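*Asks:* This is the structure, below, for whatever I ask next.
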Amino acid sequence: MTDSPLILAVPSKGRLQENAAAFFARSGLVFSQSRGARDYRGTLKGVPDVEVAFLSASEIVTQLATGAVHLGITGEDLIREQIADADEAVELLTPLGFGHANVVVAVPQAWIDVRTMADLDEVAADLRARHGRKMRVATKYVNLTRRFFAEKGIADYRIVESLGATEGAPGAGSAELIVDITTTGATLAANALKILDDGIMLRSEANLVASARAPWSASARAAATAVLTRIAAEEEARETREIRASLDPAKVSSLTALARDFDATLPYGHALGREVVLHCRTAAMFDIVAALQGIGAQDITIRTFDYLFRPTNALTERLLRRIG
Ligand SMILES: Nc1ncnc2c1ncn2[C@@H]1O[C@H](COP(=O)(O)OP(=O)(O)OP(=O)(O)O)[C@@H](O)[C@H]1O
Ligand SMILES: O=P(O)(O)OC[C@H]1O[C@H](OP(=O)(O)OP(=O)(O)O)[C@H](O)[C@@H]1O
Ligand SMILES: [Mg+2]
């Protein structure tokens with residue numbers, strides 16, 4: 001246990017699988033599955049003390065919550081739905097920019113007078129008066145639904161647990177409305193459903209998540225640091241550009257102010273000769289070029305990096321702050 005490895009959980013099927021694999025590959029983290037594609041355990045090439053567990057997005061949440069895995073990629077929707085004390089059990093280290101989906105409340109388009117959550121009160125009262133029964137909400141997001149409906153003051157309803165094809169429930173007559181996840185809206189439209197104006201319960205995306213309950217041995221910490229350092233270096237590289245220019249040494253004093261104005265840095269200090277090197281945010285690069293030209297700089301080049309390793313990174317800091 002003192003030397004137990006880091007267990008990294010990776011989606012093995014469904015919507016997140018491809019993007020998750022691409023995300024690790026970008027950071028030079030390549031899986032090796034010794035016994036072929038059906039082997040549900042693997043390792044990371046060149047990173048010791050890591051065991052990769054290939055699981056479904058939902059199972060990853062279960063195992064993060066119990067501490068059976070240390071790190072994993074999964075959807076925030078599943079984290080919020082499946083873990084009652086999510087903020088105690090796990091740490092969302094960073095959103096990953098894929099797996100975007102909203103958890104929404106949707107009703108039949110034919111309900112032209114029903115536009116907001118507050119309108120559901122009348123729907124519920126009407127159903128009760130006319131049919132003597134509760135309004136039914138089909139969903140697999142039972143906990144998220146209870147929480148959201150309570151916040152909106154809607155109490156007179158019943159949840160019909162759905163295991164799939166939730167959008168079909170109103171058409172089939174098994175519920176009046178639904179709560180489900182949507183990305184393009186195509187499935188809602190195909191079932192003649194519309195999202196209520198204030199019916200977006202959660203804007204979810206895939207996250208890199210750490211378990212607060214996993215056995216964080218010294219080896220697991222070291223391996224997590226190695227993995228997170230690479231991920232952070234790849235992200236930092238993507239967000240940074242290097243600008244080089246030739247500048248009259250007499251003008252070098254203006255550089256410090258220029259760097260400050262554009263939130264850029266002079267990582268290697270002020271050059272002795274004519275060469276100056278700046279690091280800047282990608283969005284600021286052309287403004288900096290113009291400013292450099294303004295002080296007489298010449299032969300300005302902009303370069304991208306594959307990796308940029310800083311002394312610290314937000315991912316590792318966040319993890320270590322959390323696991324102590
Ligand atoms: N359009 C989408 N529909 C459903 N999930 C999406 C969508 N886009 C992104 N996701 C994310 O992908 C996660 C996994 O969903 P997905 O349906 O792919 O899982 P799965 O492995 O097929 O599991 P299950 O068999 O339970 O459906 C969702 O919880 C959500 O975070
Ligand atoms: O807004 P859209 O782009 O149309 O996507 C939404 C649909 O995708 C998901 O189902 P999925 O295809 O994962 O099938 P599942 O219900 O079997 O998981 C989700 O449950 C919706 O039904
Ligand atoms: Mg699915």
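To be explicit about the labels: the chains of the structure tokens are called A, B, and onward in the order shown, and within each one the residues are counted from 1, while ligands get numbers from 1 in the order they are shown.
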So which bits of range 152-202 of chain A end up strand (DSSP E or B) when you DSSP the backbone, as JSON, numbers by chain?
*Replies:* {"A": [157, 158, 159, 160, 161, 177, 178, 179, 180, 181, 182, 193, 194, 195, 196, 197, 198, 199, 200, 201, 202]}
*Asks:* May I have the residues from that selection written out with C-alpha atoms, as a short mmCIF file (atom, residue, chain, number, x, y, z; two decimals), in the first residue's frame?
*Replies:*
data_model
loop_
_atom_site.label_atom_id
_atom_site.label_comp_id
_atom_site.auth_asym_id
_atom_site.auth_seq_id
_atom_site.Cartn_x
_atom_site.Cartn_y
_atom_site.Cartn_z
CA TYR A 157 -44.24 15.74 -9.25
CA ARG A 158 -43.01 12.17 -9.48
CA ILE A 159 -39.85 10.84 -11.10
CA VAL A 160 -40.12 7.97 -13.54
CA GLU A 161 -36.68 6.45 -13.74
CA LEU A 177 -41.76 15.85 -19.35
CA ILE A 178 -38.12 14.82 -19.21
CA VAL A 179 -34.70 15.72 -17.84
CA ASP A 180 -31.86 14.54 -20.06
CA ILE A 181 -28.54 15.46 -21.56
CA THR A 182 -28.32 17.16 -24.93
CA LEU A 193 -39.63 18.53 -27.21
CA LYS A 194 -38.36 22.02 -26.21
CA ILE A 195 -36.07 23.16 -23.42
CA LEU A 196 -37.64 25.48 -20.83
CA ASP A 197 -36.17 29.02 -20.85
CA ASP A 198 -34.66 28.54 -17.38
CA GLY A 199 -34.40 24.78 -17.78
CA ILE A 200 -30.64 24.33 -18.18
CA MET A 201 -29.69 22.49 -14.99
CA LEU A 202 -26.00 21.97 -15.69
#
*Asks:* Ligand 3: which residues are within 9 Å, counting only C-alpha atoms and all ligand atoms? Reply as a compact mmCIF listing (two decimals) with all heavy atoms, in the first residue's frame.
*Replies:*
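See pocket38.txt below for the written result:
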# COMPACT_ATOMS: atom_id res chain seq x y z
N LYS A 13 -15.39 3.39 -23.64
CA LYS A 13 -16.48 3.31 -24.60
C LYS A 13 -17.25 4.63 -24.57
O LYS A 13 -16.94 5.51 -23.75
CB LYS A 13 -17.43 2.16 -24.23
CG LYS A 13 -18.13 2.39 -22.87
CD LYS A 13 -18.90 1.17 -22.40
CE LYS A 13 -20.33 1.09 -22.86
NZ LYS A 13 -21.30 1.88 -22.10
N GLY A 14 -18.21 4.75 -25.46
CA GLY A 14 -19.12 5.90 -25.41
C GLY A 14 -18.52 7.18 -25.95
O GLY A 14 -17.48 7.18 -26.62
N ARG A 15 -19.18 8.29 -25.62
CA ARG A 15 -18.88 9.59 -26.21
C ARG A 15 -17.51 10.15 -25.87
O ARG A 15 -17.03 11.02 -26.58
CB ARG A 15 -19.91 10.60 -25.69
CG ARG A 15 -21.32 10.18 -25.89
CD ARG A 15 -21.84 10.80 -27.13
NE ARG A 15 -23.23 10.48 -27.31
CZ ARG A 15 -23.99 11.12 -28.17
NH1 ARG A 15 -23.49 12.10 -28.88
NH2 ARG A 15 -25.25 10.77 -28.31
N GLY A 164 -33.00 4.68 -20.67
CA GLY A 164 -32.56 4.97 -22.04
C GLY A 164 -33.73 5.47 -22.84
O GLY A 164 -34.89 5.33 -22.41
*Asks:* As a quick test: using only C-alpha atoms and all ligand atoms, which residues lie no more than 9 Å away from ligand 1? Give them as a PyMOL selection string.
*Replies:* chain A and resi 11-17+55-59+74-79+98-102+163-164+180-185+187+204-207
*Asks:* I'd like to know which residues of range 15-231 of chain A are helix (DSSP H, G or I) (by DSSP, run on the backbone); could you write them as a PyMOL selection string?
*Replies:* chain A and resi 17-26+57-66+76-82+86-89+119-131+142-151+166-172+186-190+218-231
*Asks:* In Å to one decimal, how far is CA of Ala190 in chain A from CA of Glu18 in chain A?
*Replies:*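 It comes out at 26.1 Å.
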*Asks:* Looking at A:Ile83, A:Ala129, A:Ala165, A:Ala150, which one is nearest to ligand 2, with distances taken over only C-alpha atoms and all ligand atoms?
*Replies:*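 Closest candidate: A:Ala165.
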*Asks:* Give me, please, the distance in Å between CA of Thr94 in chain A and CA of Ile73 in chain A, quoted to one decimal.
*Replies:* 10.0 Å
*Asks:* With only C-alpha atoms as the counted atoms, please give the residues lying no more than 8 Å from Ile302 in chain A, apart from itself and same-chain residues fewer than 6 positions off, as a ChimeraX atom specification.
*Replies:* /A:241-244,285
*Asks:* Pick from A:Ile154, A:Val10, A:Leu247, A:Ala172: nearest to Ile60 in chain A, with only C-alpha atoms counted?
*Replies:*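 Looking only at the distances to Ile60 in chain A, the closest residue turns out to be A:Val10.
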*Asks:* Would you pick out the contacts of Ser174 in chain A at 8 Å or less, using only C-alpha atoms, so that residues sharing its chain but fewer than 5 positions from it are not included, and give the list as a PDB file with N, CA, C and O atoms, in the first residue's frame?
*Replies:*
ATOM      1  N   ARG A 136     -45.410  13.662 -14.123  1.00  0.00           N
ATOM      2  CA  ARG A 136     -44.309  12.686 -14.153  1.00  0.00           C
ATOM      3  C   ARG A 136     -43.123  13.192 -14.976  1.00  0.00           C
ATOM      4  O   ARG A 136     -43.308  13.683 -16.103  1.00  0.00           O
ATOM      5  N   ALA A 138     -39.590  11.961 -16.601  1.00  0.00           N
ATOM      6  CA  ALA A 138     -38.735  10.816 -16.934  1.00  0.00           C
ATOM      7  C   ALA A 138     -37.278  11.256 -16.961  1.00  0.00           C
ATOM      8  O   ALA A 138     -36.950  12.273 -17.568  1.00  0.00           O
ATOM      9  N   VAL A 160     -40.052   9.289 -12.914  1.00  0.00           N
ATOM     10  CA  VAL A 160     -40.121   7.969 -13.541  1.00  0.00           C
ATOM     11  C   VAL A 160     -38.720   7.661 -14.024  1.00  0.00           C
ATOM     12  O   VAL A 160     -38.213   8.327 -14.927  1.00  0.00           O
ATOM     13  N   ALA A 169     -40.300   9.239 -23.805  1.00  0.00           N
ATOM     14  CA  ALA A 169     -41.286   9.023 -22.735  1.00  0.00           C
ATOM     15  C   ALA A 169     -42.582   9.832 -22.913  1.00  0.00           C
ATOM     16  O   ALA A 169     -43.677   9.263 -22.803  1.00  0.00           O
TER      17      ALA A 169
END
*Asks:* CA of Gln82 in chain A and CA of Val61 in chain A are how many Å apart?
*Replies:*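 Interatomic distance here is 7.2 Å.
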*Asks:* Could you build a table of the residues in range 267-293 of chain A lying no more than 12 Å from range 228-238 of chain A, giving for each the nearest pair of atoms and their separation in Å rounded to one decimal place, using only C-alpha atoms, ordered by chain and ascending residue number, as JSON lines?
*Replies:*
{"residue": "A:His279", "atom": "CA", "partner": "A:Ala237", "partner_atom": "CA", "distance": 10.2}
{"residue": "A:Cys280", "atom": "CA", "partner": "A:Ala237", "partner_atom": "CA", "distance": 10.5}
{"residue": "A:Arg281", "atom": "CA", "partner": "A:Arg238", "partner_atom": "CA", "distance": 9.2}
{"residue": "A:Thr282", "atom": "CA", "partner": "A:Arg238", "partner_atom": "CA", "distance": 7.9}
{"residue": "A:Ala283", "atom": "CA", "partner": "A:Arg238", "partner_atom": "CA", "distance": 11.1}
*Asks:* Which neighbours of Ala86 in chain A fall inside 10 Å, counting only C-alpha atoms, when residues of the same chain fewer than 6 positions from it are skipped, and could you give them as a PyMOL selection string?
*Replies:* chain A and resi 61+64-65+79-80+92+211-212
